[in-house]
Every structure is written in C-alpha cells, then in structure tokens.
$ cat entry-v4.txt   # compact mmCIF, C-alpha atoms and all ligand atoms
# COMPACT_ATOMS: atom_id res chain seq x y z
CA MET M 1 58.96 78.55 1.14
CA SER M 2 58.65 74.89 0.24
CA LEU M 3 61.40 73.04 -1.57
CA SER M 4 60.98 71.86 -5.15
CA HIS M 5 61.03 68.16 -5.91
CA SER M 6 64.57 68.33 -7.21
CA GLU M 7 65.75 70.25 -4.13
CA GLN M 8 64.19 67.62 -1.88
CA VAL M 9 65.83 64.86 -3.91
CA ALA M 10 69.17 66.71 -3.70
CA ALA M 11 68.87 66.97 0.09
CA ILE M 12 68.12 63.24 0.40
CA LEU M 13 71.02 62.39 -1.90
CA ALA M 14 73.38 64.57 0.10
CA ALA M 15 72.36 62.87 3.33
CA GLN M 16 72.48 59.29 2.07
CA ARG M 17 74.78 58.94 -0.92
CA ASP M 18 77.90 57.92 1.00
CA ARG M 19 76.40 55.04 2.91
CA PRO M 20 76.91 51.54 1.50
CA GLY M 21 73.94 50.27 -0.50
CA ALA M 22 72.57 53.78 -0.63
CA LEU M 23 70.21 53.34 -3.56
CA LEU M 24 67.34 51.58 -1.79
CA PRO M 25 67.26 53.84 1.27
CA ILE M 26 67.41 56.85 -1.06
CA LEU M 27 64.49 55.58 -3.11
CA HIS M 28 62.50 54.93 0.08
CA ASP M 29 63.25 58.40 1.41
CA ILE M 30 62.28 60.05 -1.86
CA GLN M 31 59.02 58.15 -2.02
CA ASP M 32 58.28 58.94 1.63
CA ALA M 33 58.95 62.62 1.01
CA LEU M 34 57.23 63.05 -2.35
CA GLY M 35 54.73 60.20 -2.43
CA HIS M 36 56.43 58.82 -5.55
CA ILE M 37 59.74 58.85 -7.41
CA PRO M 38 59.44 61.44 -10.17
CA PRO M 39 60.90 60.23 -13.50
CA ASP M 40 63.21 63.26 -13.66
CA ALA M 41 64.78 62.26 -10.33
CA VAL M 42 66.27 59.16 -11.99
CA ALA M 43 69.08 61.11 -13.70
CA GLN M 44 69.76 63.04 -10.49
CA ILE M 45 70.04 59.81 -8.48
CA ALA M 46 72.14 58.10 -11.16
CA ASN M 47 74.61 61.02 -11.26
CA ALA M 48 74.95 61.18 -7.51
CA LEU M 49 75.58 57.45 -7.13
CA ASN M 50 77.66 57.00 -10.27
CA LEU M 51 75.18 54.57 -11.73
CA SER M 52 73.52 54.50 -15.12
CA ARG M 53 69.94 55.69 -15.43
CA ALA M 54 69.01 52.20 -16.59
CA GLU M 55 70.34 50.73 -13.35
CA VAL M 56 68.32 53.14 -11.22
CA HIS M 57 65.24 52.68 -13.36
CA GLY M 58 65.68 48.88 -13.16
CA VAL M 59 65.63 48.96 -9.36
CA ILE M 60 62.59 51.24 -9.26
CA THR M 61 60.61 49.00 -11.55
CA PHE M 62 61.78 45.79 -9.86
CA TYR M 63 60.18 46.68 -6.52
CA HIS M 64 56.42 47.00 -6.65
CA HIS M 65 56.61 49.26 -3.65
CA PHE M 66 58.05 52.12 -5.68
CA ARG M 67 55.81 54.27 -7.78
CA THR M 68 56.69 56.80 -10.46
CA THR M 69 53.42 58.69 -10.47
CA PRO M 70 51.77 60.52 -7.57
CA PRO M 71 49.55 58.26 -5.47
CA THR M 72 45.89 58.11 -6.21
CA ARG M 73 43.46 58.33 -3.39
CA HIS M 74 43.33 54.74 -2.18
CA THR M 75 45.71 51.84 -2.53
CA ILE M 76 44.24 48.37 -2.28
CA GLN M 77 46.59 45.42 -1.90
CA ILE M 78 45.19 41.93 -2.08
CA CYS M 79 47.40 39.07 -0.97
CA CYS M 80 47.84 36.46 -3.68
CA ALA M 81 50.32 34.20 -1.89
CA GLU M 82 49.61 30.57 -1.14
CA ALA M 83 47.55 30.66 2.06
CA CYS M 84 45.33 33.43 0.77
CA GLN M 85 45.04 31.82 -2.61
CA SER M 86 43.77 28.63 -1.04
CA MET M 87 41.11 30.70 0.74
CA GLY M 88 39.83 32.40 -2.39
CA SER M 89 42.00 35.47 -2.98
CA GLU M 90 41.86 34.90 -6.73
CA ARG M 91 38.09 35.22 -6.64
CA LEU M 92 38.51 38.31 -4.49
CA VAL M 93 40.86 39.93 -7.02
CA GLN M 94 38.42 39.21 -9.84
CA HIS M 95 35.63 40.65 -7.77
CA ALA M 96 37.66 43.76 -6.96
CA GLU M 97 38.62 44.31 -10.60
CA LYS M 98 35.00 44.05 -11.64
CA LYS M 99 33.76 46.19 -8.82
CA LEU M 100 36.27 48.96 -9.37
CA THR M 101 35.54 49.09 -13.10
CA HIS M 102 32.17 50.44 -12.18
CA ARG M 103 33.51 53.10 -9.90
CA GLU M 104 35.71 56.09 -10.49
CA GLN M 105 38.80 54.07 -11.16
CA SER M 106 41.21 56.93 -10.73
CA GLU M 107 40.40 56.88 -7.03
CA TYR M 108 41.71 53.35 -6.53
CA GLU M 109 44.79 51.38 -7.29
CA LEU M 110 44.69 47.64 -7.07
CA HIS M 111 47.90 45.67 -6.48
CA PRO M 112 48.52 41.99 -5.86
CA VAL M 113 50.95 41.44 -2.98
CA TYR M 114 52.65 38.34 -1.71
CA CYS M 115 51.97 37.72 1.98
CA LEU M 116 50.91 40.38 4.41
CA GLY M 117 51.74 38.22 7.43
CA LEU M 118 48.06 37.46 8.02
CA CYS M 119 48.05 33.95 6.61
CA ALA M 120 46.08 32.53 9.56
CA THR M 121 43.20 34.87 8.75
CA SER M 122 43.29 34.68 4.98
CA PRO M 123 42.32 35.95 2.53
CA ALA M 124 43.93 39.19 3.59
CA MET M 125 44.17 42.63 2.06
CA MET M 126 45.29 46.14 2.89
CA ILE M 127 43.60 49.40 2.13
CA ASP M 128 45.81 52.45 2.52
CA GLY M 129 48.16 50.50 4.77
CA GLN M 130 45.44 49.13 7.04
CA SER M 131 45.06 45.37 7.05
CA HIS M 132 41.81 43.46 6.76
CA ALA M 133 41.43 39.75 7.40
CA ARG M 134 39.04 37.08 6.11
CA VAL M 135 37.91 39.30 3.28
CA THR M 136 34.96 37.99 1.33
CA PRO M 137 33.61 39.80 -1.74
CA GLU M 138 30.79 41.09 0.47
CA LYS M 139 33.23 42.40 3.05
CA PHE M 140 35.27 44.00 0.26
CA ASP M 141 32.19 45.85 -0.97
CA LYS M 142 31.45 47.12 2.51
CA LEU M 143 35.01 48.36 2.98
CA ILE M 144 34.94 50.18 -0.35
CA GLN M 145 31.58 51.66 0.44
CA LYS M 146 32.93 52.91 3.74
CA LEU M 147 35.85 54.57 1.97
CA GLY M 148 33.49 56.24 -0.47
CA SER M 149 31.39 57.67 2.33
CA GLY M 150 34.50 58.82 4.16
CA THR M 151 33.58 57.06 7.41
S1 LIG C 1 49.63 34.28 2.38
FE1 LIG C 1 48.29 35.95 2.44
S2 LIG C 1 48.85 36.94 4.25
FE2 LIG C 1 50.28 35.33 4.09
$ encode --input "entry-v4.txt" --output "structure tokens" --more "lines below"
Ligand code: FES
Amino acid sequence: MSLSHSEQVAAILAAQRDRPGALLPILHDIQDALGHIPPDAVAQIANALNLSRAEVHGVITFYHHFRTTPPTRHTIQICCAEACQSMGSERLVQHAEKKLTHREQSEYELHPVYCLGLCATSPAMMIDGQSHARVTPEKFDKLIQKLGSGT
C-alpha cells in the first residue's frame, strides 16, 4: 500500500525536524518525494517546526526551485545571467515563449535561471535537468522537436 501525501510529509518531518535549519532540507525532501510541495503540507510543516504558515510559504515562494503544483512534462530553464545574456539569451527566451505558445503549453514549463555553470559555452539552458550549450533559436527548436518525438 502506498503512503498518502500527508503520511509521506509526516515521515520526512519526523526524520528531519530536529536538525538545525531543518526547513530547507525538509522542503527538498518533500519535493523529491512528491514532485512538488502540496499547499496542504504547509500547515503540517509549520506545526512541526513551530513556524507560522506565512514563514513556510515565504520560503517556498522565495526559492524558484520549489513548486506547489505537480510537475508538468518538461521543464525548460534558460540562463539569463550575464555571460548568457551577452550571448543572446534574451532573444532565446523570447523565441522560446513564442514557440511554446504554439504548442501544447501544458507540456512545458519555462523558467529563467541565473547561471548554470556553463558560462564559457553560453547561452546555456537545461531541459529536464540536462544541460545544453551554445543554444541558438534553431537548436532550441530541434531540442523541442526531439522531445516531442520522444527520441
Ligand atoms: S551565465 Fe549562463 S551559464 Fe553562467
């Protein structure tokens, strides 16, 4: 029998709540286990750590990494930090936004990120955790096409 979301959250809280600075590792563990941090887990976390719901919610929304809805099929992160910006990442973001408007948008999530550690091969992006360097709009289209065909 699989555990409910709240049982999984309770197990993570039990394992982590006593360590110093427990909130962030708890949020990471919950997201790793459930794919997101369900809104109803906020009260559970707040109670366990003796924090207000607003404090927990504030941390979740502060870090772009955390999500409160289940993941969609593909996550696209385009680096918008300095090195990538100087190599055209802004144009790439605009291209991606336009491109994805014409596709089934629910399948993709587009996020700006700030440095993927690939500055020497900018502009850089990640699709589902896999990095891609020197991404031109044409290369972006090819990568998206590949995802769509499942190859
Ligand atoms: S600035 Fe884009 S990867 Fe570092």
$ atom_distance --input "entry-v4.txt" --atom1 "atom CA of Leu116 of chain M" --atom2 "atom FE1 of ligand LIG 1 (chain C)"
5.5 Å
$ atom_distance --input "entry-v4.txt" --atom1 "atom S2 of ligand LIG 1 (chain C)" --atom2 "atom CA of Gly129 of chain M"
13.6 Å
$ residues_near_ligand --input "entry-v4.txt" --ligand "ligand LIG 1 (chain C)" --cutoff "6 Å" --atoms "all atoms listed in the file" --output "ChimeraX atom specification"
/M:79,81-84,115-119,122-124
$ closest_residue --input "entry-v4.txt" --among "M:Ala22, M:Cys80, M:Ala96, M:Ile127" --to "Ile45 of chain M" --atoms "all atoms listed in the file"
M:Ala22
$ closest_residue --input "entry-v4.txt" --among "M:Arg17, M:His64, M:His36, M:Arg91" --to "Glu138 of chain M" --atoms "all atoms listed in the file"
M:Arg91
$ atom_distance --input "entry-v4.txt" --atom1 "atom CA of Leu13 of chain M" --atom2 "atom CA of Tyr63 of chain M"
19.6 Å
$ closest_residue --input "entry-v4.txt" --among "M:Arg134, M:Arg19, M:His5, M:Lys98" --to "Gly35 of chain M" --atoms "all atoms listed in the file"
M:His5
$ closest_residue --input "entry-v4.txt" --among "M:Ala46, M:Leu92, M:Val135, M:Ile12" --to "Asp32 of chain M" --atoms "all atoms listed in the file"
M:Ile12
$ residues_near_point --input "entry-v4.txt" --point "(67.0, 70.9, -9.5)" --cutoff "12 Å" --atoms "all atoms listed in the file" --output "PyMOL selection string"
chain M and resi 3-11+40-41+43-45
$ closest_residue --input "entry-v4.txt" --among "M:Asp141, M:Pro71, M:Asp128, M:Val93" --to "Gln31 of chain M" --atoms "only C-alpha atoms"
M:Pro71
$ closest_residue --input "entry-v4.txt" --among "M:Thr61, M:Gln94, M:Ser52, M:Ser131" --to "Gln77 of chain M" --atoms "only C-alpha atoms"
M:Ser131
$ decode --input "entry-v4.txt" --residues "segment 129-141 of chain M" --atoms "all heavy atoms" --output "compact mmCIF listing (two decimals), in the first residue's frame"
# COMPACT_ATOMS: atom_id res chain seq x y z
N GLY M 129 16.66 18.87 -16.56
CA GLY M 129 17.89 18.61 -15.82
C GLY M 129 19.09 18.33 -16.68
O GLY M 129 20.20 18.15 -16.17
N GLN M 130 18.91 18.28 -18.00
CA GLN M 130 20.06 18.01 -18.87
C GLN M 130 20.51 19.32 -19.52
O GLN M 130 19.70 20.05 -20.08
CB GLN M 130 19.65 17.02 -19.95
CG GLN M 130 20.86 16.36 -20.57
CD GLN M 130 20.47 15.44 -21.71
OE1 GLN M 130 19.32 15.06 -21.86
NE2 GLN M 130 21.43 15.11 -22.54
N SER M 131 21.81 19.61 -19.43
CA SER M 131 22.25 20.91 -19.91
C SER M 131 22.56 20.90 -21.41
O SER M 131 22.97 19.87 -21.98
CB SER M 131 23.47 21.37 -19.12
OG SER M 131 24.38 20.34 -19.01
N HIS M 132 22.36 22.05 -22.01
CA HIS M 132 22.65 22.25 -23.42
C HIS M 132 23.38 23.57 -23.58
O HIS M 132 22.98 24.57 -22.98
CB HIS M 132 21.35 22.28 -24.23
CG HIS M 132 20.56 21.02 -24.11
ND1 HIS M 132 20.80 19.92 -24.89
CD2 HIS M 132 19.56 20.69 -23.26
CE1 HIS M 132 19.97 18.95 -24.52
NE2 HIS M 132 19.21 19.39 -23.54
N ALA M 133 24.46 23.54 -24.37
CA ALA M 133 25.30 24.73 -24.50
C ALA M 133 25.13 25.35 -25.88
O ALA M 133 24.64 24.71 -26.81
CB ALA M 133 26.76 24.32 -24.30
N ARG M 134 25.55 26.62 -25.97
CA ARG M 134 25.50 27.36 -27.23
C ARG M 134 24.17 27.17 -27.94
O ARG M 134 24.11 26.72 -29.09
CB ARG M 134 26.65 26.93 -28.15
CG ARG M 134 28.02 27.26 -27.59
CD ARG M 134 29.11 27.19 -28.64
NE ARG M 134 30.37 27.62 -28.09
CZ ARG M 134 31.28 26.79 -27.56
NH1 ARG M 134 31.06 25.50 -27.55
NH2 ARG M 134 32.40 27.26 -27.06
N VAL M 135 23.11 27.51 -27.23
CA VAL M 135 21.77 27.25 -27.77
C VAL M 135 21.30 28.44 -28.62
O VAL M 135 21.12 29.54 -28.12
CB VAL M 135 20.76 26.99 -26.63
CG1 VAL M 135 19.40 26.64 -27.21
CG2 VAL M 135 21.26 25.87 -25.73
N THR M 136 21.14 28.18 -29.88
CA THR M 136 20.55 29.17 -30.78
C THR M 136 19.05 28.88 -30.87
O THR M 136 18.61 27.78 -30.48
CB THR M 136 21.16 29.02 -32.19
OG1 THR M 136 20.88 27.67 -32.62
CG2 THR M 136 22.65 29.26 -32.19
N PRO M 137 18.27 29.81 -31.39
CA PRO M 137 16.85 29.51 -31.59
C PRO M 137 16.64 28.24 -32.42
O PRO M 137 15.76 27.43 -32.14
CB PRO M 137 16.32 30.75 -32.31
CG PRO M 137 17.21 31.86 -31.83
CD PRO M 137 18.57 31.23 -31.69
N GLU M 138 17.48 28.04 -33.42
CA GLU M 138 17.36 26.85 -34.27
C GLU M 138 17.64 25.58 -33.47
O GLU M 138 16.93 24.58 -33.59
CB GLU M 138 18.35 26.92 -35.46
CG GLU M 138 18.12 28.05 -36.44
CD GLU M 138 18.43 29.44 -35.87
OE1 GLU M 138 19.37 29.56 -35.04
OE2 GLU M 138 17.73 30.40 -36.23
N LYS M 139 18.67 25.67 -32.64
CA LYS M 139 19.00 24.49 -31.81
C LYS M 139 17.86 24.23 -30.82
O LYS M 139 17.50 23.09 -30.56
CB LYS M 139 20.32 24.73 -31.06
CG LYS M 139 20.79 23.53 -30.27
CD LYS M 139 22.22 23.69 -29.81
CE LYS M 139 22.64 22.54 -28.91
NZ LYS M 139 24.01 22.66 -28.44
N PHE M 140 17.30 25.30 -30.26
CA PHE M 140 16.17 25.16 -29.34
C PHE M 140 15.04 24.40 -30.03
O PHE M 140 14.48 23.46 -29.47
CB PHE M 140 15.69 26.57 -28.90
CG PHE M 140 14.52 26.53 -27.98
CD1 PHE M 140 14.69 26.44 -26.61
CD2 PHE M 140 13.22 26.57 -28.49
CE1 PHE M 140 13.59 26.40 -25.75
CE2 PHE M 140 12.13 26.53 -27.64
CZ PHE M 140 12.31 26.43 -26.28
N ASP M 141 14.71 24.82 -31.24
CA ASP M 141 13.61 24.16 -31.96
C ASP M 141 13.89 22.67 -32.14
O ASP M 141 13.00 21.84 -31.97
CB ASP M 141 13.43 24.80 -33.35
CG ASP M 141 12.84 26.19 -33.24
OD1 ASP M 141 12.48 26.61 -32.12
OD2 ASP M 141 12.74 26.87 -34.29
